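Structure first, then comments.
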Amino acid sequence: MDNSNHKKLLNLLRVRGEMTKLELSEALGLSHTTVSTYIEQLTAEGLVESAGFGESAGGRRPLMVRLAENARFFFGAYFAPDRVVIPAVNLAGREIARRTIAPAPVFEETLEKVHRGVLDIIKSEKLDPSRVMGLGMSFPGVVDSARKFVEYAPNIGLRSFSFAEFESALGVELFLENEAITAALAYRFNNPAMAGKNFVYVSVAEGIGTGIFIDGNIYKSVSNKAGEFGHIKVADNGLPCKCGRTDCWELYASKTALLRYCRELMGNSRESDEALLPGLHEAFKKGEAPALEAVRRYARYLFRGIETILLSFSPDEVIIGGDLGELMGDIVSYGVNDLQLSSRFFGYESVPIRVSALKETGAILGSALLPLYRVYDQET
């Protein structure tokens with residue numbers, strides 16, 4: 001779909017819901033005749049449908065139209081070290097199904113499991129395969145989207161891998177991207193006010209990734225390596241990183257780092273990761289000294305990296321998401337209000353640092369939004 005006005009019209013319906021032709025005409029700055037033509041074309045494609053009649057303002061009741069939400073379907077696959085999550089969304093970006101699988105020892109076998117997961121959702125949800133428009137794939141590493149090629153994803157042990165063969169076997173178009181960018185895309189998709197803004201999304205998981213949006217568009221650079229802030233040097237302790245360097249930001253401000261501080265300071269080394277974070281959060285809210293010190297240490301490194309982002313891009317906003325759930329909101333508040341870490345941002349103190357409401361689901365949902373992105377990429 002190449003017509004930018006078509007995309008704008010669909011996006012209006014996605015964001016606002018049911019609208020009349022007059023409302024669409026006024027919002028788009030187009031004539032009533034032009035809007036009527038677009039609606040006829042989009043209805044013929046099955047993307048728009050009638051929503052009945054609105055209230056009369058004295059004459060004939062106006063016809064309402066809406067997005068035909070289940071006219072198309074889009075799949076995703078979010079790859080993490082311990083799991084692969086496969087979501088499916090409709091044309092409105094609403095999730096309709098999800099599967100979670102365990103990675104296989106051999107990556108090609110993992111891809112076979114992903115294929116079976118997609119087919120299982122199609123069957124169980126009774127989807128028309130001809131309406132499945134693509135599979136987005138989200139990886140924690142350097143991705144060449146144009147070539148559908150993962151250059152390096154150390155946390156899942158993947159290097160120099162082409163997905164051309166898998167795309168052929170799957171029979172639908174693939175869309176590959178870095179997980180931080182997919183999480184940023186999900187945040188933008190669910191926050192229309194972010195359209196056209198410059199922002200950096202920081203995804204905190206086993207490592208740290210960042211997604212950069214400039215003037216509302218994804219920025220990756222020619223080499224696809226823009227935004228690798230997780231590997232900036234933040235200390236001089238000689239701590240080795242999987243990337244081959246030492247003292248990278250993600251070694252000190254990732255979820256893995258926070259868990260390490262927890263175990264060092266709180267003495268609960270036998271607890272699982274899943275049990276450790278809720279315990280830390282509760283102890284932090286109670287003001288217990290070991291928990292406060294763990295969060296203080298973590299927050300100082302987190303804000304050290306944010307400072308570099310601000311100095312590098314001067315964004316309108318910095319958004320933080322990832323795997324720390326509700327705890328991240330308290331960490332950011334503690335860093336700003338108690339430790340006053342943003343006061344050293346040298347003129348950037350007023351840049352908002354927000355926590356994404358999507359939390360750990362951002363990159364998962366974002367993987368399925370990758371193929372949907374081209375439907376709305378004028379206004380998303």
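Each chain in the structure tokens gets a letter, A, B, ..., in the order shown, and its residues are numbered from 1; ligands are numbered from 1 in order too.
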Would you mind listing what lies within 9 Å of range 369-373 of chain A as a list in words, with only C-alpha atoms counted and same-chain residues fewer than 6 positions away left out?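 Listing them by chain and then by number gives Phe73, Phe74, Phe75, Gly76, Val89, Asn90, Leu91, Ala92, Gly93, Met133, Gly134, Leu135, Gly136, Met137, Ser138, Glu173, Leu174, Phe175, Leu176, Glu177, Thr182, Leu185, Ala186, Phe189 and Thr380 of chain A.
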My list of candidates is A:Arg188, A:His281, A:Lys242, A:Arg131. Which is closest to Leu158 in chain A when distances are computed with only C-alpha atoms?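 The shortest atom-to-atom distance to Leu158 in chain A comes from A:Lys242.
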Closest-contact table, range 42-96 of chain A side, partner range 12-20 of chain A, 7 Å, counting only C-alpha atoms, as JSON lines:
```
{"residue": "A:Ala51", "atom": "CA", "partner": "A:Glu18", "partner_atom": "CA", "distance": 6.8}
{"residue": "A:Pro62", "atom": "CA", "partner": "A:Thr20", "partner_atom": "CA", "distance": 6.4}
{"residue": "A:Leu63", "atom": "CA", "partner": "A:Thr20", "partner_atom": "CA", "distance": 5.9}
{"residue": "A:Met64", "atom": "CA", "partner": "A:Thr20", "partner_atom": "CA", "distance": 4.6}
{"residue": "A:Val65", "atom": "CA", "partner": "A:Glu18", "partner_atom": "CA", "distance": 5.5}
{"residue": "A:Arg66", "atom": "CA", "partner": "A:Glu18", "partner_atom": "CA", "distance": 4.7}
{"residue": "A:Leu67", "atom": "CA", "partner": "A:Leu13", "partner_atom": "CA", "distance": 5.8}
{"residue": "A:Ala92", "atom": "CA", "partner": "A:Arg14", "partner_atom": "CA", "distance": 5.8}
```
May I have the residues within 8 Å of range 108-111 of chain A as a ChimeraX atom specification, using only C-alpha atoms and disregarding those fewer than 5 positions away in the same chain? /A:102-103,166
Quick one: write out the picked residues with N, CA and C atoms as a PDB file, in the first residue's frame?
```
ATOM      1  N   ALA A 102      10.666 -23.151  24.229  1.00  0.00           N
ATOM      2  CA  ALA A 102      12.032 -23.216  24.736  1.00  0.00           C
ATOM      3  C   ALA A 102      12.993 -23.334  23.556  1.00  0.00           C
ATOM      4  N   PRO A 103      14.098 -22.593  23.574  1.00  0.00           N
ATOM      5  CA  PRO A 103      15.064 -22.712  22.482  1.00  0.00           C
ATOM      6  C   PRO A 103      15.652 -24.123  22.417  1.00  0.00           C
ATOM      7  N   PHE A 166      14.927 -19.760   5.863  1.00  0.00           N
ATOM      8  CA  PHE A 166      13.758 -19.866   6.744  1.00  0.00           C
ATOM      9  C   PHE A 166      12.569 -19.118   6.160  1.00  0.00           C
TER      10      PHE A 166
END
```
Residue list (alpha helix (DSSP H), DSSP) for range 170-379 of chain A, as a PyMOL selection string: chain A and resi 170+179-189+250-253+255-266+273-286+289-313+326-333+362-376
Do a neighbour search on Ala153 in chain A at 6 Å with only C-alpha atoms, toss out local chain neighbours closer than 2 positions, and write the hits as a PyMOL selection string. chain A and resi 140-141+155-156+158
As a PyMOL selection string, please: all residues of range 171-239 of chain A that backbone DSSP puts in strand (DSSP E or B). chain A and resi 174-178+199-204+208-214+217-219+233
I'd like the interatomic distance between CA of Asp377 in chain A and CA of Asn11 in chain A, to a tenth of an Å.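 So the answer is 9.0 Å.
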Rank nothing, just name the residue among A:Arg304, A:Lys197, A:Arg116, A:Lys7 nearest to Ser343 in chain A, using only C-alpha atoms. A:Arg304
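The nearest approach to Ile353 in chain A among the residues A:Ala368, A:Leu258, A:Leu24, A:Val202, with only C-alpha atoms taken into account, belongs to A:Val202.
For the atom pair formed by CA of Pro352 in chain A and CA of Asp316 in chain A, the distance is 7.5 Å, given to one decimal.
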Considering only C-alpha atoms, give me a table of residues in range 149-241 of chain A that are at most 9 Å from range 319-323 of chain A, with the closest atom pair and distance in Å for each, as JSON lines.
```
{"residue": "A:Ala180", "atom": "CA", "partner": "A:Gly322", "partner_atom": "CA", "distance": 8.8}
{"residue": "A:Ala183", "atom": "CA", "partner": "A:Gly321", "partner_atom": "CA", "distance": 7.8}
{"residue": "A:Ala184", "atom": "CA", "partner": "A:Ile319", "partner_atom": "CA", "distance": 8.2}
{"residue": "A:Tyr187", "atom": "CA", "partner": "A:Ile319", "partner_atom": "CA", "distance": 8.7}
{"residue": "A:Phe199", "atom": "CA", "partner": "A:Ile319", "partner_atom": "CA", "distance": 7.3}
{"residue": "A:Val200", "atom": "CA", "partner": "A:Ile319", "partner_atom": "CA", "distance": 6.2}
{"residue": "A:Tyr201", "atom": "CA", "partner": "A:Ile319", "partner_atom": "CA", "distance": 4.6}
{"residue": "A:Val202", "atom": "CA", "partner": "A:Ile320", "partner_atom": "CA", "distance": 4.7}
{"residue": "A:Ser203", "atom": "CA", "partner": "A:Gly322", "partner_atom": "CA", "distance": 4.8}
{"residue": "A:Val204", "atom": "CA", "partner": "A:Gly322", "partner_atom": "CA", "distance": 4.5}
{"residue": "A:Ala205", "atom": "CA", "partner": "A:Asp323", "partner_atom": "CA", "distance": 5.2}
{"residue": "A:Glu206", "atom": "CA", "partner": "A:Asp323", "partner_atom": "CA", "distance": 8.3}
{"residue": "A:Ile208", "atom": "CA", "partner": "A:Gly322", "partner_atom": "CA", "distance": 8.8}
```
